[in-house]
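Okay, query.txt is below, compact mmCIF, C-alpha atoms:
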```
# COMPACT_ATOMS: atom_id res chain seq x y z
CA MET L 1 -27.97 -67.17 -14.33
CA LEU L 2 -31.67 -67.54 -13.49
CA LEU L 3 -34.10 -67.74 -16.40
CA ILE L 4 -36.30 -64.99 -14.89
CA ARG L 5 -33.36 -62.55 -14.98
CA ARG L 6 -33.61 -62.53 -18.80
CA SER L 7 -36.68 -60.33 -18.48
CA PRO L 8 -35.52 -56.72 -17.86
CA ARG L 9 -38.73 -55.97 -15.95
CA ALA L 10 -38.43 -59.09 -13.78
CA ALA L 11 -34.70 -58.53 -13.16
CA ASN L 12 -35.72 -55.18 -11.69
CA ALA L 13 -38.93 -56.57 -10.16
CA VAL L 14 -38.69 -54.65 -6.90
CA ARG L 15 -39.14 -51.37 -8.80
CA THR L 16 -41.50 -52.57 -11.56
CA VAL L 17 -43.96 -54.66 -9.55
CA SER L 18 -47.59 -53.54 -9.55
CA PRO L 19 -49.10 -52.34 -6.23
CA GLY L 20 -51.93 -54.87 -6.66
CA GLY L 21 -49.54 -57.80 -7.04
CA GLU L 22 -47.49 -56.69 -4.08
CA LEU L 23 -50.65 -56.26 -1.96
CA PHE L 24 -51.71 -59.81 -2.89
CA VAL L 25 -48.36 -61.33 -1.86
CA ALA L 26 -48.29 -59.24 1.34
CA SER L 27 -51.80 -60.59 2.16
CA VAL L 28 -50.64 -64.16 1.50
CA VAL L 29 -47.65 -63.63 3.82
CA ILE L 30 -49.99 -62.24 6.52
CA CYS L 31 -52.16 -65.37 6.14
CA MET L 32 -49.05 -67.58 6.39
CA ILE L 33 -47.97 -65.81 9.61
CA LEU L 34 -51.53 -66.11 10.99
CA ALA L 35 -51.42 -69.84 10.20
CA SER L 36 -48.17 -70.18 12.14
CA PHE L 37 -49.79 -68.15 14.95
CA GLY L 38 -52.68 -70.65 14.96
CA ASP L 39 -50.10 -73.43 15.11
CA ALA L 40 -48.27 -71.75 17.99
CA ILE L 41 -51.17 -70.65 20.17
CA ASP L 42 -52.75 -72.98 22.68
CA PRO L 43 -56.57 -72.47 22.83
CA MET L 44 -56.32 -72.95 26.63
CA VAL L 45 -54.37 -69.67 26.82
CA PHE L 46 -57.41 -67.80 25.50
CA GLY L 47 -59.52 -69.38 28.22
CA GLU L 48 -57.02 -68.53 30.97
CA ALA L 49 -56.84 -64.93 29.74
CA GLY L 50 -60.64 -64.65 29.66
CA LEU L 51 -60.66 -64.18 25.89
CA GLU L 52 -62.95 -67.07 24.91
CA PHE L 53 -65.20 -64.52 23.18
CA ALA L 54 -62.36 -63.86 20.69
CA LEU L 55 -62.46 -67.52 19.70
CA PHE L 56 -66.16 -68.24 19.68
CA ASP L 57 -67.90 -64.88 19.11
CA LEU L 58 -65.36 -63.20 16.84
CA GLY L 59 -64.73 -66.28 14.71
CA GLY L 60 -61.22 -67.04 15.99
CA GLU L 61 -62.06 -70.73 16.08
CA PHE L 62 -62.96 -70.66 12.41
CA SER L 63 -60.05 -68.51 11.28
CA VAL L 64 -56.87 -68.44 13.37
CA LEU L 65 -57.15 -71.82 15.09
CA ALA L 66 -58.31 -73.55 11.90
CA MET L 67 -55.64 -71.87 9.77
CA ARG L 68 -52.96 -74.15 11.23
CA HIS L 69 -54.43 -76.92 9.04
CA TRP L 70 -54.60 -74.84 5.88
CA HIS L 71 -52.47 -75.69 2.88
CA LEU L 72 -50.73 -73.36 0.46
CA LEU L 73 -53.65 -73.12 -2.00
CA GLN L 74 -56.06 -72.25 0.80
CA LEU L 75 -53.62 -69.62 2.07
CA LEU L 76 -53.35 -68.19 -1.47
CA LEU L 77 -57.14 -68.01 -1.77
CA ALA L 78 -57.44 -66.38 1.67
CA GLY L 79 -54.67 -63.95 0.69
CA GLY L 80 -56.59 -63.08 -2.49
CA VAL L 81 -59.78 -62.44 -0.52
CA LEU L 82 -57.90 -60.34 2.05
CA ALA L 83 -56.20 -58.31 -0.72
CA ALA L 84 -59.55 -57.74 -2.45
CA GLY L 85 -61.07 -56.66 0.89
CA ILE L 86 -58.24 -54.19 1.57
CA PHE L 87 -58.55 -52.87 -2.00
CA VAL L 88 -62.32 -52.30 -1.70
CA LEU L 89 -61.85 -50.75 1.75
CA ARG L 90 -59.23 -48.38 0.34
CA ILE L 91 -61.49 -47.27 -2.51
CA GLY L 92 -64.47 -46.89 -0.12
CA SER L 93 -62.55 -44.91 2.48
CA ARG L 94 -61.08 -42.68 -0.23
CA ALA L 95 -64.60 -41.95 -1.54
CA VAL L 96 -65.84 -41.17 1.99
CA PHE L 97 -62.94 -38.84 2.77
CA LYS L 98 -63.35 -37.12 -0.61
CA THR L 99 -67.00 -36.43 0.17
CA LEU L 100 -66.16 -35.06 3.62
CA ARG L 101 -63.60 -32.60 2.20
CA PRO L 102 -65.35 -29.24 1.53
CA ALA L 103 -65.21 -27.94 -2.03
CA PRO L 104 -63.30 -24.67 -2.54
CA HIS L 105 -65.38 -21.48 -2.20
CA ARG L 106 -65.08 -20.41 -5.79
CA ALA L 107 -65.36 -23.87 -7.39
CA ILE L 108 -67.69 -24.04 -10.40
CA ASP L 109 -69.48 -27.13 -9.08
CA LYS L 110 -70.09 -25.51 -5.67
CA VAL L 111 -73.80 -25.79 -4.90
CA PRO L 112 -75.14 -22.59 -3.29
CA ILE L 113 -77.16 -23.36 -0.21
CA MET M 114 -45.17 -89.56 3.70
CA GLU M 115 -47.67 -90.23 0.89
CA LEU M 116 -50.26 -87.53 0.32
CA GLU M 117 -53.75 -88.41 -0.86
CA PHE M 118 -54.03 -87.93 -4.62
CA PHE M 119 -55.74 -84.64 -5.58
CA SER M 120 -56.26 -83.59 -1.95
CA ALA M 121 -55.70 -79.93 -0.98
CA ALA M 122 -52.32 -80.90 0.52
CA PHE M 123 -51.28 -82.72 -2.67
CA LEU M 124 -52.31 -79.87 -5.01
CA SER M 125 -50.70 -77.27 -2.72
CA ALA M 126 -47.39 -79.14 -2.68
CA LEU M 127 -47.58 -79.60 -6.48
CA PHE M 128 -48.25 -75.87 -6.95
CA ALA M 129 -45.32 -75.01 -4.66
CA ILE M 130 -42.99 -77.35 -6.60
CA VAL M 131 -44.01 -75.92 -10.00
CA LEU M 132 -43.72 -72.29 -8.78
CA ILE M 133 -40.31 -72.93 -7.17
CA ASP M 134 -39.15 -74.73 -10.34
CA LEU M 135 -40.17 -71.77 -12.50
CA VAL M 136 -38.66 -68.96 -10.39
CA LEU M 137 -35.43 -70.84 -9.67
CA ALA M 138 -35.02 -72.28 -13.18
CA GLY M 139 -31.58 -71.85 -14.70
CA ASP M 140 -31.12 -70.50 -18.18
CA ASN M 141 -30.51 -73.86 -19.91
CA ALA M 142 -31.03 -72.42 -23.38
CA LEU M 143 -28.16 -69.96 -22.78
CA VAL M 144 -25.84 -72.73 -21.54
CA ILE M 145 -26.71 -75.02 -24.46
CA GLY M 146 -26.24 -72.16 -26.93
CA LEU M 147 -22.83 -71.24 -25.46
CA VAL M 148 -21.57 -74.82 -25.33
CA ALA M 149 -22.80 -75.97 -28.76
CA ARG M 150 -22.07 -72.82 -30.76
CA ASN M 151 -18.89 -74.18 -32.45
CA LEU M 152 -20.27 -77.64 -33.30
CA PRO M 153 -21.64 -78.61 -36.73
CA LYS M 154 -25.39 -78.01 -37.25
CA GLN M 155 -26.33 -81.71 -37.18
CA THR M 156 -24.35 -82.35 -33.98
CA GLN M 157 -25.92 -79.25 -32.40
CA ASN M 158 -29.42 -80.81 -32.63
CA LYS M 159 -28.15 -84.02 -31.03
CA VAL M 160 -26.41 -82.01 -28.28
CA ILE M 161 -29.64 -80.09 -27.55
CA PHE M 162 -31.65 -83.34 -27.27
CA TRP M 163 -29.15 -85.37 -25.20
CA GLY M 164 -28.10 -82.37 -23.11
CA THR M 165 -31.74 -81.66 -22.20
CA PHE M 166 -32.42 -85.36 -21.55
CA GLY M 167 -29.33 -85.68 -19.34
CA ALA M 168 -30.20 -82.49 -17.46
CA ILE M 169 -33.77 -83.71 -16.74
CA ALA M 170 -32.52 -87.16 -15.67
CA ILE M 171 -29.86 -85.75 -13.32
CA ARG M 172 -32.39 -83.23 -11.92
CA ALA M 173 -34.94 -86.00 -11.16
CA ALA M 174 -32.25 -88.24 -9.61
CA MET M 175 -30.96 -85.38 -7.43
CA ALA M 176 -34.48 -84.44 -6.28
CA ILE M 177 -35.29 -88.04 -5.28
CA LEU M 178 -31.92 -88.29 -3.47
CA VAL M 179 -32.70 -85.06 -1.58
CA VAL M 180 -35.97 -86.58 -0.27
CA TYR M 181 -33.98 -89.42 1.34
CA ILE M 182 -31.23 -87.10 2.60
CA LEU M 183 -33.83 -84.81 4.24
CA ALA M 184 -35.10 -87.78 6.27
CA VAL M 185 -31.74 -87.86 8.12
CA PRO M 186 -32.04 -85.89 11.41
CA GLY M 187 -30.45 -82.44 11.12
CA PHE M 188 -30.68 -82.14 7.35
CA MET M 189 -34.24 -80.77 7.41
CA LEU M 190 -33.04 -77.84 9.57
CA GLY M 191 -29.98 -77.30 7.36
CA GLY M 192 -32.16 -77.43 4.24
CA GLY M 193 -34.62 -74.95 5.75
CA LEU M 194 -31.83 -72.49 6.58
CA ALA M 195 -30.41 -72.91 3.06
CA LEU M 196 -33.84 -72.13 1.61
CA VAL M 197 -33.95 -68.86 3.58
CA TRP M 198 -30.68 -67.88 1.92
CA ILE M 199 -32.01 -68.96 -1.51
CA ALA M 200 -35.21 -66.88 -1.05
CA ARG M 201 -33.10 -63.90 0.06
CA LYS M 202 -30.86 -64.25 -2.99
CA LEU M 203 -33.90 -64.50 -5.29
CA LEU M 204 -35.39 -61.28 -3.90
CA THR M 205 -32.15 -59.27 -3.80
CA PRO M 206 -32.20 -56.84 -6.75
CA GLU M 207 -29.29 -57.54 -9.09
CA GLN M 208 -27.41 -54.49 -10.30
CA ASN M 209 -25.79 -56.19 -13.30
CA ALA M 210 -26.83 -59.76 -13.94
CA GLU M 211 -24.02 -61.71 -15.54
CA ALA M 212 -24.31 -64.75 -17.76
CA SER M 213 -23.42 -68.12 -16.30
CA HIS M 214 -19.68 -68.64 -15.88
CA LEU M 215 -20.21 -72.39 -15.98
CA ALA M 216 -20.24 -72.69 -19.75
CA LYS M 217 -18.27 -69.89 -21.31
CA ALA M 218 -15.96 -72.06 -23.41
CA PRO M 219 -17.55 -73.80 -26.43
CA ALA M 220 -17.16 -77.58 -26.52
CA ALA M 221 -15.26 -79.30 -29.35
CA THR M 222 -16.88 -82.74 -29.11
CA PHE M 223 -20.40 -84.11 -28.74
CA ALA M 224 -19.62 -85.92 -25.46
CA GLY M 225 -17.85 -82.85 -24.06
CA ALA M 226 -20.84 -80.63 -24.89
CA VAL M 227 -23.39 -82.98 -23.30
CA ARG M 228 -21.17 -83.38 -20.20
CA THR M 229 -20.82 -79.60 -19.79
CA ILE M 230 -24.59 -79.06 -20.15
CA VAL M 231 -25.43 -81.77 -17.59
CA ILE M 232 -22.81 -80.55 -15.08
CA ALA M 233 -23.89 -76.91 -15.50
CA ASP M 234 -27.54 -77.88 -14.96
CA ALA M 235 -26.67 -79.99 -11.91
CA ILE M 236 -24.73 -77.10 -10.33
CA MET M 237 -27.36 -74.49 -11.23
CA GLY M 238 -30.16 -76.75 -9.99
CA VAL M 239 -28.87 -77.53 -6.48
CA ASP M 240 -31.01 -74.79 -4.87
CA ASN M 241 -33.99 -75.78 -7.00
CA VAL M 242 -33.71 -79.45 -6.06
CA LEU M 243 -33.35 -78.67 -2.36
CA ALA M 244 -36.45 -76.45 -2.46
CA ILE M 245 -38.66 -78.97 -4.27
CA GLY M 246 -37.36 -81.75 -2.00
CA GLY M 247 -38.56 -79.71 0.99
CA ALA M 248 -41.90 -78.81 -0.62
CA ALA M 249 -42.65 -82.43 -1.63
CA HIS M 250 -43.16 -83.62 1.99
CA GLY M 251 -41.24 -86.80 1.16
CA SER M 252 -43.44 -87.82 -1.78
CA ILE M 253 -41.50 -89.11 -4.81
CA LEU M 254 -44.70 -89.00 -6.91
CA LEU M 255 -45.02 -85.27 -6.27
CA ILE M 256 -41.41 -84.62 -7.29
CA VAL M 257 -41.76 -86.61 -10.52
CA LEU M 258 -45.11 -84.95 -11.32
CA GLY M 259 -43.74 -81.48 -10.51
CA LEU M 260 -40.69 -82.02 -12.72
CA ALA M 261 -42.86 -83.50 -15.50
CA ILE M 262 -44.95 -80.31 -15.51
CA SER M 263 -42.26 -77.68 -15.02
CA VAL M 264 -39.20 -79.01 -16.90
CA PRO M 265 -40.88 -79.03 -20.35
CA ILE M 266 -42.10 -75.46 -19.64
CA ILE M 267 -38.58 -74.36 -18.72
CA VAL M 268 -36.82 -76.17 -21.58
CA TRP M 269 -39.21 -75.63 -24.46
CA GLY M 270 -41.32 -72.75 -23.13
CA SER M 271 -38.67 -70.52 -21.58
CA GLN M 272 -40.10 -67.55 -23.50
CA LEU M 273 -43.45 -68.26 -21.82
CA VAL M 274 -41.82 -68.09 -18.37
CA ILE M 275 -40.03 -64.85 -19.30
CA LYS M 276 -43.31 -63.36 -20.58
CA LEU M 277 -45.10 -64.41 -17.38
CA VAL M 278 -42.58 -62.74 -15.04
CA ASP M 279 -42.35 -59.76 -17.39
CA ARG M 280 -46.14 -59.26 -17.21
CA TYR M 281 -46.42 -60.12 -13.49
CA PRO M 282 -43.13 -59.39 -11.65
CA SER M 283 -44.97 -60.13 -8.37
CA VAL M 284 -44.60 -63.86 -9.27
CA ILE M 285 -40.98 -63.51 -8.09
CA LEU M 286 -42.09 -62.09 -4.73
CA LEU M 287 -44.69 -64.87 -4.45
CA GLY M 288 -41.94 -67.40 -5.24
CA GLY M 289 -39.81 -65.90 -2.44
CA ALA M 290 -42.77 -66.09 -0.02
CA VAL M 291 -43.45 -69.74 -0.94
CA LEU M 292 -39.74 -70.52 -0.46
CA ALA M 293 -39.86 -68.87 2.99
CA TRP M 294 -43.03 -70.84 3.87
CA THR M 295 -41.32 -74.08 2.73
CA ALA M 296 -38.25 -73.16 4.82
CA TYR M 297 -40.49 -72.58 7.89
CA SER M 298 -42.29 -75.91 7.43
CA MET M 299 -38.90 -77.67 7.03
CA VAL M 300 -37.50 -76.10 10.22
CA VAL M 301 -40.55 -77.00 12.34
CA ARG M 302 -40.60 -80.55 10.86
CA GLU M 303 -36.96 -81.16 11.86
CA PRO M 304 -37.04 -84.42 13.90
CA LEU M 305 -34.45 -83.11 16.39
CA LEU M 306 -36.57 -80.02 17.14
CA VAL M 307 -40.16 -81.34 16.99
CA ALA M 308 -40.31 -82.07 20.74
CA TRP M 309 -38.72 -78.70 21.58
CA PHE M 310 -41.24 -76.83 19.41
CA GLU M 311 -44.08 -78.77 21.09
CA ALA M 312 -42.77 -77.69 24.50
CA HIS M 313 -42.27 -74.05 23.36
CA PRO M 314 -45.20 -73.41 20.97
CA ALA M 315 -44.72 -69.62 20.90
CA THR M 316 -41.30 -70.08 19.30
CA LYS M 317 -43.02 -71.38 16.15
CA LEU M 318 -44.55 -67.95 15.58
CA VAL M 319 -41.20 -66.22 16.32
CA THR M 320 -39.46 -68.61 13.90
CA ALA M 321 -42.04 -67.90 11.17
CA ILE M 322 -41.68 -64.11 11.52
CA LEU M 323 -37.88 -64.46 11.67
CA ILE M 324 -37.77 -66.53 8.46
CA PHE M 325 -40.14 -64.19 6.60
CA SER M 326 -38.29 -61.06 7.77
CA ILE M 327 -34.90 -62.45 6.68
CA SER M 328 -36.19 -63.84 3.36
CA LEU M 329 -38.28 -60.85 2.27
CA GLY M 330 -35.95 -58.26 3.86
CA PRO M 331 -33.97 -57.34 0.71
CA TRP M 332 -37.19 -56.69 -1.25
CA TYR M 333 -38.80 -54.39 1.29
CA SER M 334 -35.56 -52.66 2.30
CA GLU M 335 -35.46 -51.19 -1.23
CA ARG M 336 -38.67 -49.30 -0.37
CA LEU M 337 -37.46 -47.97 2.98
CA SER M 338 -35.80 -44.61 3.42
CA GLU M 339 -32.11 -44.57 4.44
CA ASN M 340 -33.06 -43.84 8.08
CA MET M 341 -35.42 -46.82 8.28
CA LYS M 342 -33.11 -49.38 6.61
CA PRO M 343 -31.46 -50.55 9.90
CA LEU M 344 -34.88 -52.02 10.82
CA VAL M 345 -34.25 -54.78 8.27
CA VAL M 346 -31.31 -55.90 10.44
CA LEU M 347 -32.66 -54.94 13.88
CA LEU M 348 -35.99 -56.80 13.69
CA PRO M 349 -34.51 -60.24 12.79
CA ALA M 350 -31.65 -59.66 15.26
CA LEU M 351 -34.17 -58.97 18.05
CA LEU M 352 -36.08 -62.16 17.21
CA VAL M 353 -32.81 -64.16 17.20
CA TRP M 354 -31.99 -62.61 20.63
CA MET M 355 -35.37 -63.74 22.04
CA LEU M 356 -35.06 -67.22 20.50
CA ALA M 357 -31.52 -67.56 21.88
CA PHE M 358 -32.84 -67.02 25.42
CA GLU M 359 -35.49 -69.73 24.90
CA VAL M 360 -32.80 -72.12 23.61
CA ALA M 361 -30.44 -71.19 26.48
CA ALA M 362 -33.25 -71.77 28.99
CA SER M 363 -33.76 -75.29 27.60
CA VAL M 364 -30.07 -76.16 27.38
CA LEU M 365 -28.92 -74.63 30.68
CA LYS M 366 -32.16 -75.56 32.52
CA VAL M 367 -32.81 -72.03 33.81
CA GLN M 368 -36.10 -70.20 34.06
CA VAL M 369 -36.44 -67.12 31.83
CA ASP M 370 -40.13 -66.46 32.53
CA TYR M 371 -40.31 -63.84 35.32
CA LEU M 372 -43.61 -65.29 36.62
CA LEU M 373 -41.83 -68.58 37.28
CA ALA M 374 -38.42 -67.18 38.33
CA ARG M 375 -37.12 -68.61 41.60
CA ASP M 376 -34.02 -66.59 42.51
CA GLN M 377 -32.32 -63.27 41.88
CA GLY M 378 -30.16 -64.71 39.09
CA GLU M 379 -33.23 -65.74 37.12
CA TYR M 380 -34.82 -62.30 37.60
CA MET M 381 -31.61 -60.72 36.28
CA LEU M 382 -31.65 -63.09 33.33
CA GLU M 383 -35.21 -62.02 32.58
CA GLY M 384 -34.14 -58.35 32.76
CA LEU M 385 -31.25 -59.07 30.40
CA ARG M 386 -33.64 -60.77 27.98
CA TRP M 387 -35.97 -57.78 27.72
CA LEU M 388 -33.49 -54.90 28.04
CA GLY M 389 -30.09 -56.37 27.13
CA TRP M 390 -30.62 -55.90 23.40
CA LEU M 391 -30.96 -52.10 23.75
CA PRO M 392 -27.21 -51.29 24.14
CA LEU M 393 -26.40 -53.70 21.32
CA ALA M 394 -28.94 -52.03 19.03
CA ALA M 395 -27.54 -48.59 19.97
CA ALA M 396 -23.97 -49.80 19.26
CA PHE M 397 -25.08 -51.18 15.88
CA LEU M 398 -26.76 -47.87 14.93
CA TRP M 399 -23.69 -45.87 16.06
CA LEU M 400 -21.29 -48.08 14.07
CA ARG M 401 -23.56 -47.96 11.03
CA GLU M 402 -23.70 -44.17 11.22
CA LEU M 403 -19.87 -44.07 11.40
CA MET M 404 -19.54 -46.36 8.37
CA VAL M 405 -22.11 -44.39 6.33
CA GLY M 406 -20.32 -41.13 7.20
CA ARG M 407 -16.94 -42.57 6.20
CA THR M 408 -18.34 -43.90 2.89
CA ARG M 409 -19.84 -40.47 2.13
CA ARG M 410 -16.52 -38.72 2.91
CA ILE M 411 -14.62 -41.14 0.62
CA ALA M 412 -17.18 -40.65 -2.16
CA ARG M 413 -16.86 -36.84 -1.87
CA SER M 414 -13.06 -36.82 -1.94
```
Would you write the structure of this file as C-alpha cells?
Amino acid sequence: MLLIRRSPRAANAVRTVSPGGELFVASVVICMILASFGDAIDPMVFGEAGLEFALFDLGGEFSVLAMRHWHLLQLLLAGGVLAAGIFVLRIGSRAVFKTLRPAPHRAIDKVPI
Amino acid sequence: MELEFFSAAFLSALFAIVLIDLVLAGDNALVIGLVARNLPKQTQNKVIFWGTFGAIAIRAAMAILVVYILAVPGFMLGGGLALVWIARKLLTPEQNAEASHLAKAPAATFAGAVRTIVIADAIMGVDNVLAIGGAAHGSILLIVLGLAISVPIIVWGSQLVIKLVDRYPSVILLGGAVLAWTAYSMVVREPLLVAWFEAHPATKLVTAILIFSISLGPWYSERLSENMKPLVVLLPALLVWMLAFEVAASVLKVQVDYLLARDQGEYMLEGLRWLGWLPLAAAFLWLRELMVGRTRRIARS
C-alpha cells in the first residue's frame, strides 16, 4: 500500500484536486510536450516551409527551440508562469464578457440613459 | 554520467528523485506495526530501528544496482515502459485501497520481524527504485542524496507526507507527470534507439504524446463523459499505429512518405497508414457499445 493512499483526500485525488493545482500540472505537461517538440523539430524545416518569421519574429528560437535544453525545474517554472497567465486571462475575459452583457431592464442598478 | 554539482540539471534530477520517492513511498510504518505487534515492547523498538536501517540499506543498494543495469542496452527502454505502467497505476483512482498483503502475519522473533520488514520494503520499493534510477541519469551521488533527503521524511515524517498530499492532491498528478517525463527521457536515451530517433526526429514528439496520454489517461478519463471515454483508448492507439508504420518502414526498408513513394505498393501503404485505422476504430467502438449494452442488461436483470 502506498503511503499517500492513507490520506482519504489523496486516495480520491482525481475528485478532490483543486482546479488551480490541476491547471498548473496541465501547464507543466504542455511545457514538457513543447520541449519534446523542440527536440523533435529541425529548424531547417521552418526555413523550407517559409516560416522563419515564427522562429525569429515570434520568439520561437527563444521558446520552442531552446526548450529542448530545459530541465525539470525550468519546465516547472515555465508551467507556473503559463498557469498564472491562463488564470489572469480567464479572470480578464470573464470581466470583459460580464461588462458586455446588458443588465436586465428592471434591474435596480440599471442606469437610465 | 556525472552532473555538475548544483547545476539546473543536478537540482532538477534531485527534485524528480525526491518527488518520485514521496509519491511512490510504501507505508513502512504500517508494515512495521503489523509485523512487530506481538513482540515485547523492548524488542519492538529494536525491530523498528533495525528494520528501518535494513530497509534503507537495501533500497540504496537496489537503486545503485539499477543504475548499472540501466546501462545495459535494452533495459532503458524496458525501464521506461515500466515507468509508464507505474505512472498509470499511481493515477488510477482506487475504489477500495487494501493494506499490504506482504506483512499480515505478526513475527514471533526479532530476526523474523526484521527480515519481513526488509523483504516487504524491497518488494514495495521496486517501482520506486526503477523510477529514481531512471531520473538519476546514471549519477550515484544523486541517488544517495535523493534517498538521504526523502527516506527520513518517509520513515519519520510520514504524517508530513500525508498532510502534504491531503492539502495538495495535485502533488500526485505532478508525480505522475514527472514519472511520464522520466519514462520519455529513458525511452529516447535507449542506446539501441538513439540512432533511429536521430533519423526520425518527429517520432520523439509522437512518443512523448503517446507516453503522456497513456500515463495520464486514467486521471482525465474520470472527467470525461461516457461517450467521450473511448478517446482515452483511441488516441494512444492511433499514435501506436503511426509509430508502427515508421518502425515498419525502417525494418522493411519501404517508403511510407507519399512525397518520396516510388511505386504503387508504396502509395497503397501510405493510404493504409492514413486511412487504415478508421475501420479498426469503428470496430472498437461497435464492440465497446455491444459490451456496454450487455453489461447494462445484466445489471438490470
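Considering the residues L:Ser93, L:Ser27, L:Ser7, L:Ser18 and counting all atoms listed in the file, Ala78 (chain L) has its shortest atom-to-atom contact with L:Ser27.
Compared by their closest atoms to Pro19 (chain L), and using only C-alpha atoms, the residues M:Ile267, M:Leu124, M:Pro282, M:Gly246 rank with M:Pro282 nearest.
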What does the distance from CA of Glu383 (chain M) to CA of Ala315 (chain M) come to in Å, to one decimal?
16.9 Å
May I have the residues of chain M within 7 Å of chain L, counting only C-alpha atoms, written as a list in words?
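Result: Ala121, Ala122, Ser125, Val136, Leu137, Ala138, Gly139, Asp140, Pro206, Glu207, Glu211, Ala212, Ser213, Ile275, Val278, Asp279, Pro282, Ser283, Leu286, Leu287, Ala290, Pro314, Ala315, Lys317, Leu318, Ala321, Ile322 and Trp332 of chain M.
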Residues within 10 Å of Asp134 (chain M), please, as a PDB file with C-alpha atoms, in the frame of the given file. Count all atoms listed in the file; anything in the same chain fewer than 4 positions from it doesn't count.
```pdb
ATOM      1  CA  PHE M 128     -48.250 -75.870  -6.950  1.00  0.00           C
ATOM      2  CA  ALA M 129     -45.320 -75.010  -4.660  1.00  0.00           C
ATOM      3  CA  ILE M 130     -42.990 -77.350  -6.600  1.00  0.00           C
ATOM      4  CA  ALA M 138     -35.020 -72.280 -13.180  1.00  0.00           C
ATOM      5  CA  GLY M 139     -31.580 -71.850 -14.700  1.00  0.00           C
ATOM      6  CA  GLY M 238     -30.160 -76.750  -9.990  1.00  0.00           C
ATOM      7  CA  ASP M 240     -31.010 -74.790  -4.870  1.00  0.00           C
ATOM      8  CA  ASN M 241     -33.990 -75.780  -7.000  1.00  0.00           C
ATOM      9  CA  VAL M 242     -33.710 -79.450  -6.060  1.00  0.00           C
ATOM     10  CA  ALA M 244     -36.450 -76.450  -2.460  1.00  0.00           C
ATOM     11  CA  ILE M 245     -38.660 -78.970  -4.270  1.00  0.00           C
ATOM     12  CA  GLY M 259     -43.740 -81.480 -10.510  1.00  0.00           C
ATOM     13  CA  LEU M 260     -40.690 -82.020 -12.720  1.00  0.00           C
ATOM     14  CA  ILE M 262     -44.950 -80.310 -15.510  1.00  0.00           C
ATOM     15  CA  SER M 263     -42.260 -77.680 -15.020  1.00  0.00           C
ATOM     16  CA  VAL M 264     -39.200 -79.010 -16.900  1.00  0.00           C
ATOM     17  CA  ILE M 266     -42.100 -75.460 -19.640  1.00  0.00           C
ATOM     18  CA  ILE M 267     -38.580 -74.360 -18.720  1.00  0.00           C
ATOM     19  CA  GLY M 288     -41.940 -67.400  -5.240  1.00  0.00           C
TER      20      GLY M 288
END
```
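Here CA of Ala350 (chain M) stands at a distance of 22.4 Å from CA of Val291 (chain M).
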Atomic distance CA of Phe162 (chain M) - CA of Ala220 (chain M), expressed in Å with one decimal
15.6 Å
What's around Pro153 (chain M) at 10 Å? Count all atoms listed in the file, leave out sequence neighbours fewer than 4 positions away in its own chain, and write the answer as a list in words.
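Answer for this query is Ala149, Gln157, Asn158, Ala221, Thr222 and Phe223 of chain M.
Comparing the minimum interatomic distances between Gly164 (chain M) and each of M:Val257, M:Ala233, M:Ala200, M:Leu183, counting all atoms listed in the file, we find that M:Ala233 sits nearest.
Residues with any atom within 10 Å of Ile169 (chain M), counting only C-alpha atoms and excluding same-chain neighbours fewer than 3 positions away, are Trp163, Gly164, Thr165, Phe166, Arg172, Ala173, Ala174, Met175, Val231, Asp234, Ala235, Leu260, Ala261, Val264, Pro265 and Val268 of chain M.
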Restore N, CA and C atoms in region 4-15 of chain L and list the result as a short mmCIF file (atom, residue, chain, number, x, y, z; two decimals), keeping the file's coordinate frame.
```
data_model
loop_
_atom_site.label_atom_id
_atom_site.label_comp_id
_atom_site.auth_asym_id
_atom_site.auth_seq_id
_atom_site.Cartn_x
_atom_site.Cartn_y
_atom_site.Cartn_z
N ILE L 4 -35.45 -66.19 -15.08
CA ILE L 4 -36.30 -64.99 -14.89
C ILE L 4 -35.50 -63.69 -15.04
N ARG L 5 -34.17 -63.78 -14.88
CA ARG L 5 -33.36 -62.55 -14.98
C ARG L 5 -33.23 -62.09 -16.44
N ARG L 6 -33.68 -62.94 -17.39
CA ARG L 6 -33.61 -62.53 -18.80
C ARG L 6 -34.65 -61.47 -19.12
N SER L 7 -35.68 -61.37 -18.27
CA SER L 7 -36.68 -60.33 -18.48
C SER L 7 -36.19 -59.06 -17.78
N PRO L 8 -36.02 -57.94 -18.50
CA PRO L 8 -35.52 -56.72 -17.86
C PRO L 8 -36.44 -56.25 -16.75
N ARG L 9 -37.78 -56.43 -16.95
CA ARG L 9 -38.73 -55.97 -15.95
C ARG L 9 -38.65 -56.85 -14.70
N ALA L 10 -38.50 -58.17 -14.92
CA ALA L 10 -38.43 -59.09 -13.78
C ALA L 10 -37.09 -58.98 -13.05
N ALA L 11 -36.02 -58.68 -13.80
CA ALA L 11 -34.70 -58.53 -13.16
C ALA L 11 -34.72 -57.33 -12.22
N ASN L 12 -35.60 -56.39 -12.51
CA ASN L 12 -35.72 -55.18 -11.69
C ASN L 12 -37.07 -55.17 -11.00
N ALA L 13 -37.53 -56.39 -10.60
CA ALA L 13 -38.93 -56.57 -10.16
C ALA L 13 -39.31 -55.67 -8.99
N VAL L 14 -38.35 -55.43 -8.10
CA VAL L 14 -38.69 -54.65 -6.90
C VAL L 14 -39.17 -53.23 -7.25
N ARG L 15 -38.73 -52.72 -8.40
CA ARG L 15 -39.14 -51.37 -8.80
C ARG L 15 -40.28 -51.39 -9.83
#
```
